[in-house]
$ cat target10.txt   # compact mmCIF, C-alpha atoms
# COMPACT_ATOMS: atom_id res chain seq x y z
CA MET A 1 162.11 224.12 -55.22
CA LYS A 2 164.42 221.78 -53.34
CA ARG A 3 161.99 219.21 -51.92
CA VAL A 4 158.50 218.04 -52.88
CA PHE A 5 156.46 215.86 -50.54
CA LEU A 6 153.80 214.18 -52.70
CA ILE A 7 151.31 212.50 -50.36
CA VAL A 8 148.61 210.14 -51.67
CA LEU A 9 145.66 209.63 -49.33
CA ASP A 10 144.80 206.28 -50.89
CA SER A 11 141.17 206.32 -52.15
CA PHE A 12 140.24 209.86 -50.98
CA GLY A 13 137.79 210.71 -53.77
CA ILE A 14 135.68 213.88 -53.79
CA GLY A 15 132.76 212.97 -56.04
CA ALA A 16 131.67 210.97 -59.07
CA MET A 17 133.35 211.64 -62.39
CA PRO A 18 131.13 212.11 -65.48
CA ASP A 19 131.81 208.53 -66.60
CA SER A 20 131.48 206.90 -63.17
CA GLU A 21 128.31 205.00 -64.08
CA LYS A 22 130.24 203.17 -66.82
CA PHE A 23 132.41 201.80 -64.02
CA GLY A 24 129.38 200.73 -61.99
CA ASP A 25 129.47 203.67 -59.60
CA VAL A 26 126.36 205.84 -59.14
CA GLY A 27 126.36 208.93 -56.94
CA VAL A 28 129.61 208.06 -55.19
CA ASN A 29 131.46 210.59 -53.04
CA THR A 30 134.06 209.49 -50.50
CA LEU A 31 134.52 212.96 -48.99
CA ALA A 32 130.77 213.57 -48.63
CA ALA A 33 130.35 210.22 -46.87
CA CYS A 34 133.04 211.18 -44.35
CA ALA A 35 131.66 214.71 -43.95
CA ALA A 36 128.36 213.19 -42.80
CA SER A 37 130.19 211.50 -39.94
CA GLY A 38 130.50 213.24 -36.61
CA GLU A 39 134.08 211.94 -36.48
CA LEU A 40 135.44 214.24 -39.21
CA LYS A 41 137.49 217.17 -37.91
CA ILE A 42 139.90 218.50 -40.55
CA PRO A 43 140.52 222.21 -39.88
CA ASN A 44 143.91 222.28 -41.59
CA MET A 45 142.68 220.87 -44.89
CA ILE A 46 139.62 223.13 -44.76
CA ALA A 47 141.91 226.13 -44.18
CA ALA A 48 144.04 224.95 -47.11
CA GLY A 49 140.94 225.15 -49.32
CA LEU A 50 139.56 221.62 -49.54
CA GLY A 51 136.01 223.00 -49.33
CA ASN A 52 136.76 225.52 -52.10
CA ILE A 53 137.60 222.87 -54.71
CA ASP A 54 135.22 222.62 -57.69
CA GLY A 55 132.17 220.51 -56.88
CA VAL A 56 132.79 220.22 -53.12
CA THR A 57 129.63 221.27 -51.28
CA CYS A 58 129.88 219.22 -48.09
CA LEU A 59 132.54 221.35 -46.35
CA PRO A 60 132.80 225.02 -45.37
CA LYS A 61 134.78 227.23 -47.71
CA ALA A 62 137.87 229.11 -46.53
CA SER A 63 137.62 232.88 -47.05
CA LYS A 64 141.33 232.93 -47.92
CA PRO A 65 142.60 229.44 -48.73
CA ALA A 66 146.14 228.78 -47.52
CA GLY A 67 147.12 226.71 -50.53
CA ALA A 68 146.69 226.18 -54.24
CA ILE A 69 143.79 223.82 -54.97
CA ALA A 70 142.42 221.76 -57.85
CA ARG A 71 139.97 219.01 -58.70
CA MET A 72 141.80 216.26 -60.57
CA GLN A 73 140.09 214.12 -63.21
CA GLU A 74 141.49 210.70 -64.08
CA ALA A 75 142.23 210.38 -67.79
CA SER A 76 143.16 206.69 -67.57
CA MET A 77 140.59 203.97 -68.05
CA GLY A 78 140.58 202.56 -64.55
CA LYS A 79 139.98 203.15 -60.89
CA ASP A 80 142.71 201.09 -59.30
CA THR A 81 145.87 201.79 -57.33
CA THR A 82 148.35 200.96 -60.07
CA ILE A 83 146.80 203.01 -62.86
CA GLY A 84 146.04 205.89 -60.47
CA HIS A 85 149.63 206.14 -59.23
CA TRP A 86 151.05 205.71 -62.72
CA GLU A 87 148.95 208.67 -63.86
CA ILE A 88 150.04 210.78 -60.89
CA ALA A 89 153.59 209.95 -62.01
CA GLY A 90 152.91 211.00 -65.61
CA ILE A 91 151.50 207.98 -67.52
CA VAL A 92 147.95 207.91 -68.90
CA SER A 93 146.67 204.37 -69.45
CA GLU A 94 144.22 204.29 -72.35
CA LYS A 95 143.33 200.64 -71.77
CA PRO A 96 142.29 199.19 -68.42
CA LEU A 97 144.38 196.46 -66.87
CA PRO A 98 142.72 193.01 -67.05
CA THR A 99 140.21 192.01 -64.38
CA TYR A 100 138.65 188.62 -63.64
CA PRO A 101 135.08 188.89 -62.35
CA ASN A 102 134.57 185.15 -62.94
CA GLY A 103 137.93 184.04 -61.54
CA PHE A 104 141.13 183.13 -63.37
CA PRO A 105 141.06 180.78 -66.36
CA GLU A 106 142.81 177.42 -66.45
CA GLU A 107 145.46 178.77 -68.81
CA ILE A 108 146.70 180.74 -65.77
CA LEU A 109 145.92 178.31 -62.96
CA GLU A 110 147.22 175.11 -64.56
CA PRO A 111 150.83 176.34 -64.95
CA PHE A 112 150.61 178.04 -61.53
CA ARG A 113 149.60 174.76 -59.84
CA LYS A 114 152.36 172.93 -61.70
CA ALA A 115 155.04 175.47 -60.76
CA THR A 116 154.07 175.66 -57.07
CA GLY A 117 153.08 172.02 -56.54
CA ARG A 118 149.97 173.20 -54.68
CA GLY A 119 146.26 173.26 -55.42
CA VAL A 120 144.09 176.38 -55.64
CA LEU A 121 141.08 177.35 -53.52
CA ALA A 122 138.45 180.09 -54.01
CA ASN A 123 139.39 181.55 -57.44
CA ALA A 124 136.79 184.32 -57.50
CA PRO A 125 136.42 187.95 -56.42
CA TRP A 126 136.39 187.99 -52.61
CA SER A 127 136.79 190.25 -49.63
CA GLY A 128 140.19 189.45 -48.18
CA THR A 129 138.89 189.01 -44.65
CA GLU A 130 135.95 186.85 -45.74
CA VAL A 131 137.91 184.54 -48.02
CA ILE A 132 140.30 183.40 -45.28
CA ASN A 133 137.39 182.67 -42.95
CA VAL A 134 135.61 180.62 -45.62
CA TYR A 135 138.64 178.74 -46.98
CA GLY A 136 141.13 179.01 -44.11
CA ASP A 137 140.39 175.61 -42.58
CA GLU A 138 140.66 173.80 -45.92
CA HIS A 139 143.91 175.62 -46.66
CA VAL A 140 145.39 174.62 -43.30
CA LYS A 141 144.31 171.00 -43.83
CA THR A 142 145.47 170.61 -47.46
CA GLY A 143 148.13 173.27 -48.01
CA ASP A 144 146.28 174.45 -51.10
CA LEU A 145 146.67 178.18 -51.78
CA ILE A 146 143.77 180.61 -51.48
CA VAL A 147 143.81 182.48 -54.79
CA TYR A 148 141.33 185.30 -55.32
CA THR A 149 140.82 188.63 -57.04
CA SER A 150 138.60 191.73 -56.72
CA ALA A 151 137.22 194.39 -59.03
CA ASP A 152 140.84 195.56 -59.32
CA SER A 153 143.46 194.04 -61.58
CA VAL A 154 144.96 191.81 -58.89
CA PHE A 155 145.99 188.17 -58.36
CA GLN A 156 146.02 187.64 -54.59
CA ILE A 157 147.46 184.63 -52.76
CA ALA A 158 146.49 184.08 -49.13
CA ALA A 159 148.30 181.54 -46.97
CA HIS A 160 148.70 180.84 -43.27
CA GLU A 161 152.19 181.75 -42.10
CA GLU A 162 152.54 178.42 -40.26
CA VAL A 163 151.47 176.43 -43.34
CA VAL A 164 153.36 178.38 -45.98
CA PRO A 165 156.40 180.29 -44.65
CA LEU A 166 156.58 183.92 -45.78
CA GLU A 167 159.55 183.46 -48.10
CA LYS A 168 157.80 180.53 -49.78
CA LEU A 169 154.64 182.61 -50.22
CA TYR A 170 156.70 185.41 -51.74
CA GLU A 171 158.31 182.88 -54.07
CA TYR A 172 154.84 181.75 -55.21
CA CYS A 173 153.95 185.40 -55.88
CA ARG A 174 157.06 185.83 -58.02
CA ILE A 175 156.05 182.72 -59.95
CA ALA A 176 152.58 184.19 -60.55
CA ARG A 177 154.08 187.54 -61.57
CA ASN A 178 156.21 185.81 -64.21
CA LEU A 179 153.19 183.87 -65.51
CA LEU A 180 150.87 186.88 -65.66
CA GLN A 181 152.18 188.57 -68.78
CA GLY A 182 150.75 189.64 -72.12
CA ARG A 183 146.97 189.86 -72.09
CA HIS A 184 147.01 188.59 -68.51
CA SER A 185 149.30 191.37 -67.24
CA VAL A 186 147.45 192.15 -64.02
CA GLY A 187 148.48 195.28 -62.17
CA ARG A 188 149.57 193.53 -59.00
CA VAL A 189 150.22 190.10 -57.55
CA ILE A 190 149.71 190.39 -53.80
CA ALA A 191 150.89 188.14 -50.98
CA ARG A 192 148.21 188.03 -48.27
CA PRO A 193 149.62 186.09 -45.28
CA PHE A 194 147.43 185.40 -42.26
CA VAL A 195 147.63 183.76 -38.84
CA GLY A 196 145.23 182.44 -36.22
CA THR A 197 142.98 179.45 -35.73
CA SER A 198 139.65 178.28 -37.15
CA GLY A 199 137.03 181.01 -36.80
CA ALA A 200 139.64 183.60 -35.81
CA TYR A 201 141.97 184.01 -38.78
CA LYS A 202 143.59 187.43 -39.13
CA ARG A 203 145.69 188.97 -41.89
CA THR A 204 149.17 190.16 -40.92
CA SER A 205 151.21 193.20 -41.92
CA ASN A 206 153.54 191.02 -44.01
CA ARG A 207 151.67 191.77 -47.21
CA HIS A 208 153.88 192.26 -50.25
CA ASP A 209 152.94 193.55 -53.72
CA TYR A 210 154.54 192.47 -56.98
CA SER A 211 153.56 195.09 -59.51
CA LEU A 212 153.66 195.30 -63.26
CA GLU A 213 156.49 197.57 -64.37
CA PRO A 214 155.29 200.90 -65.77
CA PRO A 215 155.25 200.86 -69.61
CA LYS A 216 157.45 203.96 -69.87
CA ALA A 217 159.57 206.29 -67.75
CA THR A 218 157.75 208.01 -64.90
CA LEU A 219 158.37 211.05 -62.73
CA LEU A 220 160.34 208.77 -60.40
CA ASP A 221 162.72 207.78 -63.19
CA ALA A 222 163.16 211.42 -64.23
CA VAL A 223 164.02 212.53 -60.69
CA LYS A 224 166.48 209.67 -60.24
CA ALA A 225 168.07 210.24 -63.66
CA LYS A 226 168.81 213.84 -62.67
CA GLY A 227 170.81 212.58 -59.71
CA LEU A 228 168.22 213.75 -57.18
CA ASP A 229 166.71 211.78 -54.32
CA CYS A 230 163.50 209.85 -54.98
CA ILE A 231 162.19 208.43 -51.72
CA GLY A 232 159.25 206.03 -51.63
CA VAL A 233 157.20 205.75 -48.44
CA GLY A 234 154.65 202.95 -48.04
CA LYS A 235 153.49 201.07 -51.15
CA ILE A 236 155.29 203.37 -53.61
CA HIS A 237 158.29 201.07 -54.14
CA ASP A 238 155.98 198.12 -54.85
CA ILE A 239 153.50 200.03 -57.04
CA PHE A 240 156.34 201.03 -59.38
CA ALA A 241 157.92 197.55 -59.24
CA GLY A 242 161.00 198.93 -57.53
CA VAL A 243 161.79 201.18 -60.49
CA GLY A 244 162.78 204.81 -59.96
CA THR A 245 163.24 205.06 -56.20
CA THR A 246 166.64 205.76 -54.66
CA GLU A 247 165.45 204.81 -51.17
CA HIS A 248 162.26 203.32 -49.75
CA VAL A 249 160.54 202.32 -46.54
CA TYR A 250 157.34 200.37 -45.92
CA ASN A 251 154.52 201.41 -43.58
CA LYS A 252 152.80 199.31 -40.94
CA SER A 253 149.98 201.88 -40.69
CA ASN A 254 149.06 205.42 -41.63
CA ALA A 255 150.62 206.64 -38.38
CA ASP A 256 153.81 204.80 -39.27
CA GLY A 257 153.82 206.36 -42.74
CA MET A 258 153.34 209.84 -41.34
CA ALA A 259 156.20 209.23 -38.90
CA HIS A 260 158.41 208.13 -41.79
CA THR A 261 157.50 211.27 -43.72
CA SER A 262 158.32 213.46 -40.71
CA HIS A 263 161.65 211.65 -40.41
CA TYR A 264 162.55 212.37 -44.03
CA ALA A 265 161.54 216.02 -43.61
CA GLN A 266 164.28 216.28 -41.00
CA GLN A 267 166.88 215.00 -43.49
CA ASP A 268 168.77 217.21 -45.93
CA PHE A 269 167.65 215.59 -49.19
CA HIS A 270 167.03 217.17 -52.59
CA GLY A 271 164.21 215.77 -54.71
CA LEU A 272 160.93 213.92 -54.21
CA CYS A 273 159.42 212.13 -51.22
CA PHE A 274 156.46 210.16 -52.62
CA VAL A 275 154.14 208.85 -49.90
CA ASN A 276 151.19 206.44 -49.94
CA LEU A 277 148.93 206.13 -46.89
CA VAL A 278 146.88 203.00 -47.58
CA ASP A 279 144.78 202.61 -44.42
CA PHE A 280 142.09 204.93 -45.84
CA ASP A 281 141.47 202.39 -48.61
CA MET A 282 142.40 199.07 -47.02
CA LEU A 283 140.92 199.44 -43.54
CA TYR A 284 138.03 201.83 -44.06
CA GLY A 285 137.03 202.27 -47.71
CA HIS A 286 136.80 198.62 -48.72
CA ARG A 287 135.32 197.68 -45.35
CA ARG A 288 132.71 200.43 -45.72
CA ASP A 289 133.59 201.99 -42.36
CA VAL A 290 132.49 205.62 -42.64
CA ASP A 291 133.42 206.66 -39.10
CA GLY A 292 136.76 204.87 -39.31
CA TYR A 293 137.58 206.68 -42.56
CA ALA A 294 136.59 210.01 -41.00
CA ARG A 295 138.78 209.35 -37.95
CA ALA A 296 141.71 208.47 -40.20
CA LEU A 297 141.31 211.77 -42.06
CA THR A 298 141.13 213.58 -38.72
CA GLU A 299 144.38 211.88 -37.64
CA PHE A 300 146.08 212.90 -40.88
CA ASP A 301 144.86 216.49 -40.62
CA SER A 302 146.21 216.81 -37.09
CA TRP A 303 149.59 215.48 -38.24
CA LEU A 304 149.59 217.81 -41.26
CA GLY A 305 149.27 220.90 -39.08
CA GLU A 306 152.42 219.96 -37.16
CA PHE A 307 154.29 218.73 -40.24
CA MET A 308 153.92 222.04 -42.07
CA LYS A 309 155.50 223.96 -39.18
CA GLY A 310 158.85 222.27 -39.71
CA LEU A 311 159.23 222.82 -43.46
CA GLY A 312 161.61 225.25 -45.14
CA GLU A 313 161.27 228.01 -47.71
CA GLU A 314 161.93 225.66 -50.67
CA ASP A 315 159.63 222.83 -49.59
CA VAL A 316 156.30 222.03 -51.23
CA VAL A 317 153.62 219.60 -50.01
CA MET A 318 151.10 218.13 -52.45
CA ILE A 319 148.15 216.12 -51.11
CA THR A 320 146.05 214.08 -53.53
CA ALA A 321 144.56 210.60 -54.10
CA ASP A 322 144.63 207.81 -56.68
CA HIS A 323 140.90 206.94 -56.91
CA GLY A 324 137.85 206.82 -54.64
CA CYS A 325 136.48 204.17 -52.29
CA ASP A 326 133.23 205.58 -50.94
CA PRO A 327 132.72 203.96 -47.52
CA SER A 328 128.96 204.60 -47.70
CA TYR A 329 128.46 202.95 -51.11
CA THR A 330 126.77 199.59 -50.58
CA ALA A 331 126.41 198.37 -54.18
CA THR A 332 129.97 196.99 -54.01
CA THR A 333 132.94 197.04 -51.65
CA ASP A 334 135.30 198.06 -54.45
CA HIS A 335 137.00 201.28 -55.50
CA THR A 336 134.82 204.05 -56.90
CA ARG A 337 135.46 206.18 -59.98
CA GLU A 338 135.84 209.70 -58.56
CA TYR A 339 137.58 213.01 -58.93
CA VAL A 340 140.37 213.47 -56.40
CA PRO A 341 141.53 216.61 -54.60
CA LEU A 342 144.82 218.42 -54.90
CA LEU A 343 146.08 220.67 -52.13
CA VAL A 344 149.46 222.37 -52.66
CA LEU A 345 151.04 223.94 -49.60
CA GLY A 346 154.30 225.70 -48.85
CA LYS A 347 155.79 229.08 -48.01
CA GLY A 348 156.46 229.77 -51.69
CA VAL A 349 153.06 228.62 -52.99
CA LYS A 350 150.46 231.11 -54.22
CA PRO A 351 146.91 230.33 -53.02
CA VAL A 352 145.11 229.95 -56.33
CA ASN A 353 142.19 227.83 -57.52
CA LEU A 354 143.41 225.82 -60.51
CA GLY A 355 139.91 224.61 -61.36
CA THR A 356 139.32 221.12 -62.69
CA ARG A 357 142.36 219.51 -64.29
CA SER A 358 141.95 216.98 -67.09
CA SER A 359 144.52 214.48 -65.80
CA PHE A 360 146.36 213.40 -62.66
CA ALA A 361 149.45 213.63 -64.88
CA ASP A 362 149.41 217.42 -64.41
CA ILE A 363 150.90 216.67 -60.98
CA ALA A 364 153.88 214.89 -62.53
CA ALA A 365 154.46 217.67 -65.04
CA THR A 366 154.37 220.25 -62.26
CA VAL A 367 156.72 218.39 -59.92
CA ALA A 368 159.13 217.83 -62.80
CA GLU A 369 159.21 221.55 -63.55
CA MET A 370 159.63 222.45 -59.89
CA LEU A 371 162.60 220.11 -59.53
CA GLY A 372 164.10 220.99 -62.90
CA VAL A 373 163.90 217.51 -64.40
CA GLU A 374 162.83 216.42 -67.89
CA LEU A 375 159.74 214.23 -68.21
CA ASP A 376 157.80 213.07 -71.27
CA THR A 377 154.17 213.21 -70.15
CA PRO A 378 150.81 214.37 -71.51
CA GLY A 379 150.30 216.26 -68.25
CA ARG A 380 150.33 220.07 -68.23
CA SER A 381 152.38 221.83 -65.58
CA PHE A 382 150.77 224.49 -63.42
CA ALA A 383 154.05 225.38 -61.64
CA GLY A 384 154.07 228.85 -63.19
CA GLU A 385 150.64 229.57 -61.70
CA ILE A 386 151.46 228.64 -58.12
CA VAL A 387 155.15 229.37 -57.52
$ encode --input "target10.txt" --output "structure tokens"
Amino acid sequence: MKRVFLIVLDSFGIGAMPDSEKFGDVGVNTLAACAASGELKIPNMIAAGLGNIDGVTCLPKASKPAGAIARMQEASMGKDTTIGHWEIAGIVSEKPLPTYPNGFPEEILEPFRKATGRGVLANAPWSGTEVINVYGDEHVKTGDLIVYTSADSVFQIAAHEEVVPLEKLYEYCRIARNLLQGRHSVGRVIARPFVGTSGAYKRTSNRHDYSLEPPKATLLDAVKAKGLDCIGVGKIHDIFAGVGTTEHVYNKSNADGMAHTSHYAQQDFHGLCFVNLVDFDMLYGHRRDVDGYARALTEFDSWLGEFMKGLGEEDVVMITADHGCDPSYTATTDHTREYVPLLVLGKGVKPVNLGTRSSFADIAATVAEMLGVELDTPGRSFAGEIV
């Protein structure tokens, strides 16, 4: 194959994994929640075989699926963006990244305050929209930084763009990234700028992630080392700490990310285009907006139908996810531990059911074989079964 488009629908889970209760998730199913909405219309993914995947009972089954399909099980001990993407790219994380359900300890905050010259507000797990409404006024008055976390392994810094200029906020994030090492190596430090006035604060699109570098070479590194193109669309460049991509572009929205992907499909590149569409997770999963999530899937499905028409004989499209975020699950507003789907489409792809795979890393192994690159991964390639 000449080109692989690997598209991550961020948080699009398809049902609880056997160990989901250990992660605090009972009976979760992102797809089933969306299927119960009258807003879900995804004929292209249904025709591809989404309803035929192991365990999926909420969608009609295609009599002759158009693509190869699989249910992917996460082997890593986590349910966050970083670990999920690392596994898709070939790394299984046996230990979870550190989380801070009670806030960050003084051994982190004291040197952070000293290095930035600013105080800290919040310091607890918070919803990003709620925390700026609760602490926004005090931040504007004092200049202290709003520091918070979630169930994920994240250190988030929120600041008003007129109080802390963007470049200064990014500098503070780099300071935090350098401090958060060793046993405090969180997956991501995230800049969360906002604007507005008291009672009407709103986050902007100037978010920036500072990720932990992967502990070993990934699929991205292997593709780049072979001299092929490795294009990151959306959060991919940040998730992999800028390592492995030969070119990248950020997204302002899902629609923007799909437009970027269509643009790259029109270019004569050879290699991997790795895409993350984060609105599913950020705007609808965490905010528990079932109809919004269903509409976003409908928008993607409509785009997918047109996108596939323009691809060549040696192009492959893989659609998967990095974890779940069931928008109907009210016990928390966090990610949910779920299986994820895999749809593989292309003119040279055999429509076969690959069953339930034991690791997301099987995707990396398969892409590596398709592109003829060498990758050290525990994943098992299924390229021979579908090409």
$ atom_distance --input "target10.txt" --atom1 "atom CA of A:Val120" --atom2 "atom CA of A:Leu145"
5.0 Å
$ residues_around --input "target10.txt" --residues "stretch 272-284 of chain A" --least-positions-apart "6" --cutoff "7 Å" --atoms "all atoms listed in the file" --output "list of chain:residue names"
A:Arg3, A:Val4, A:Phe5, A:Leu6, A:Ile7, A:Val8, A:Leu9, A:Asp10, A:Ser11, A:Asp229, A:Cys230, A:Ile231, A:Gly232, A:Val233, A:Gly234, A:Lys235, A:Ile236, A:Ser253, A:Asn254, A:Gly257, A:Val290, A:Gly292, A:Tyr293, A:Ala296, A:Cys325, A:Pro327
$ atom_distance --input "target10.txt" --atom1 "atom CA of A:Cys34" --atom2 "atom CA of A:Arg192"
28.0 Å
$ atom_distance --input "target10.txt" --atom1 "atom CA of A:Ala365" --atom2 "atom CA of A:Pro378"
8.1 Å
$ residues_around --input "target10.txt" --residues "stretch 109-114 of chain A" --least-positions-apart "5" --cutoff "9 Å" --atoms "only C-alpha atoms" --output "list in words"
Phe104, Gly119, Val120, Tyr172, Ile175, Ala176 and Leu179 of chain A
$ closest_residue --input "target10.txt" --among "A:Asp152, A:Glu338, A:Glu162, A:Glu167" --to "A:Ser20" --atoms "only C-alpha atoms"
A:Glu338
$ residues_near_point --input "target10.txt" --point "(166.4, 217.1, -50.0)" --cutoff "7 Å" --atoms "only C-alpha atoms" --output "PyMOL selection string"
chain A and resi 2-3+229+267-271
$ residues_around --input "target10.txt" --residues "A:Thr129" --least-positions-apart "5" --cutoff "12 Å" --atoms "all atoms listed in the file" --output "MDAnalysis selection string"
chainID A and resid 134:136 146 148 158 192:195 199:204 282:283 286:287
$ closest_residue --input "target10.txt" --among "A:Arg118, A:Lys347, A:His237, A:Arg380" --to "A:Lys309" --atoms "all atoms listed in the file"
A:Lys347
$ axis_aligned_box --input "target10.txt" --around "stretch 21-36 of chain A" --padding-each-side "3 Å" --output "lines of an AutoDock Vina configuration file"
center_x = 130.4
center_y = 207.7
center_z = -54.8
size_x = 14.2
size_y = 20.0
size_z = 30.0
$ residues_near_point --input "target10.txt" --point "(132.1, 208.6, -41.1)" --cutoff "12 Å" --atoms "all atoms listed in the file" --output "ChimeraX atom specification"
/A:30-41,280,284-285,288-298,326-328
$ write_last_selection --input "target10.txt" --atoms "C-alpha atoms" --output "CSV table (one decimal), keeping the file's coordinate frame"
chain,number,residue,atom,x,y,z
A,30,THR,CA,134.1,209.5,-50.5
A,31,LEU,CA,134.5,213.0,-49.0
A,32,ALA,CA,130.8,213.6,-48.6
A,33,ALA,CA,130.4,210.2,-46.9
A,34,CYS,CA,133.0,211.2,-44.4
A,35,ALA,CA,131.7,214.7,-44.0
A,36,ALA,CA,128.4,213.2,-42.8
A,37,SER,CA,130.2,211.5,-39.9
A,38,GLY,CA,130.5,213.2,-36.6
A,39,GLU,CA,134.1,211.9,-36.5
A,40,LEU,CA,135.4,214.2,-39.2
A,41,LYS,CA,137.5,217.2,-37.9
A,280,PHE,CA,142.1,204.9,-45.8
A,284,TYR,CA,138.0,201.8,-44.1
A,285,GLY,CA,137.0,202.3,-47.7
A,288,ARG,CA,132.7,200.4,-45.7
A,289,ASP,CA,133.6,202.0,-42.4
A,290,VAL,CA,132.5,205.6,-42.6
A,291,ASP,CA,133.4,206.7,-39.1
A,292,GLY,CA,136.8,204.9,-39.3
A,293,TYR,CA,137.6,206.7,-42.6
A,294,ALA,CA,136.6,210.0,-41.0
A,295,ARG,CA,138.8,209.4,-38.0
A,296,ALA,CA,141.7,208.5,-40.2
A,297,LEU,CA,141.3,211.8,-42.1
A,298,THR,CA,141.1,213.6,-38.7
A,326,ASP,CA,133.2,205.6,-50.9
A,327,PRO,CA,132.7,204.0,-47.5
A,328,SER,CA,129.0,204.6,-47.7
$ closest_residue --input "target10.txt" --among "A:Ala62, A:Asp322, A:Pro96, A:Thr82" --to "A:Thr336" --atoms "all atoms listed in the file"
A:Asp322
$ closest_residue --input "target10.txt" --among "A:Glu87, A:Asp334, A:Asp362, A:Glu171" --to "A:Pro125" --atoms "only C-alpha atoms"
A:Asp334
$ closest_residue --input "target10.txt" --among "A:Leu97, A:Val147, A:Leu371, A:Val243" --to "A:Gly182" --atoms "all atoms listed in the file"
A:Leu97
$ decode --input "target10.txt" --residues "stretch 62-74 of chain A" --atoms "N, CA and C atoms" --output "PDB file, in the first residue's frame"
ATOM      1  N   ALA A  62     -24.848  -5.288   8.292  1.00  0.00           N
ATOM      2  CA  ALA A  62     -24.770  -5.280   6.834  1.00  0.00           C
ATOM      3  C   ALA A  62     -24.735  -6.716   6.326  1.00  0.00           C
ATOM      4  N   SER A  63     -25.510  -7.015   5.272  1.00  0.00           N
ATOM      5  CA  SER A  63     -25.504  -8.377   4.735  1.00  0.00           C
ATOM      6  C   SER A  63     -24.156  -8.708   4.110  1.00  0.00           C
ATOM      7  N   LYS A  64     -23.530  -7.708   3.502  1.00  0.00           N
ATOM      8  CA  LYS A  64     -22.193  -7.865   2.934  1.00  0.00           C
ATOM      9  C   LYS A  64     -21.367  -6.634   3.307  1.00  0.00           C
ATOM     10  N   PRO A  65     -20.702  -6.664   4.444  1.00  0.00           N
ATOM     11  CA  PRO A  65     -19.924  -5.503   4.867  1.00  0.00           C
ATOM     12  C   PRO A  65     -18.915  -5.066   3.809  1.00  0.00           C
ATOM     13  N   ALA A  66     -18.750  -3.754   3.679  1.00  0.00           N
ATOM     14  CA  ALA A  66     -17.851  -3.210   2.662  1.00  0.00           C
ATOM     15  C   ALA A  66     -16.400  -3.231   3.095  1.00  0.00           C
ATOM     16  N   GLY A  67     -16.154  -3.406   4.399  1.00  0.00           N
ATOM     17  CA  GLY A  67     -14.783  -3.344   4.876  1.00  0.00           C
ATOM     18  C   GLY A  67     -14.421  -4.482   5.797  1.00  0.00           C
ATOM     19  N   ALA A  68     -13.157  -4.533   6.162  1.00  0.00           N
ATOM     20  CA  ALA A  68     -12.700  -5.445   7.215  1.00  0.00           C
ATOM     21  C   ALA A  68     -13.044  -4.800   8.557  1.00  0.00           C
ATOM     22  N   ILE A  69     -13.421  -5.614   9.531  1.00  0.00           N
ATOM     23  CA  ILE A  69     -13.885  -5.079  10.815  1.00  0.00           C
ATOM     24  C   ILE A  69     -13.250  -5.847  11.969  1.00  0.00           C
ATOM     25  N   ALA A  70     -13.191  -5.177  13.120  1.00  0.00           N
ATOM     26  CA  ALA A  70     -12.674  -5.833  14.332  1.00  0.00           C
ATOM     27  C   ALA A  70     -13.137  -5.069  15.550  1.00  0.00           C
ATOM     28  N   ARG A  71     -13.187  -5.772  16.680  1.00  0.00           N
ATOM     29  CA  ARG A  71     -13.354  -5.138  17.984  1.00  0.00           C
ATOM     30  C   ARG A  71     -11.983  -5.141  18.643  1.00  0.00           C
ATOM     31  N   MET A  72     -11.534  -3.959  19.061  1.00  0.00           N
ATOM     32  CA  MET A  72     -10.192  -3.809  19.604  1.00  0.00           C
ATOM     33  C   MET A  72     -10.249  -3.687  21.123  1.00  0.00           C
ATOM     34  N   GLN A  73      -9.459  -4.508  21.807  1.00  0.00           N
ATOM     35  CA  GLN A  73      -9.363  -4.457  23.261  1.00  0.00           C
ATOM     36  C   GLN A  73      -8.081  -3.739  23.653  1.00  0.00           C
ATOM     37  N   GLU A  74      -8.171  -2.859  24.649  1.00  0.00           N
ATOM     38  CA  GLU A  74      -6.983  -2.146  25.104  1.00  0.00           C
ATOM     39  C   GLU A  74      -6.195  -3.017  26.079  1.00  0.00           C
TER      40      GLU A  74
END
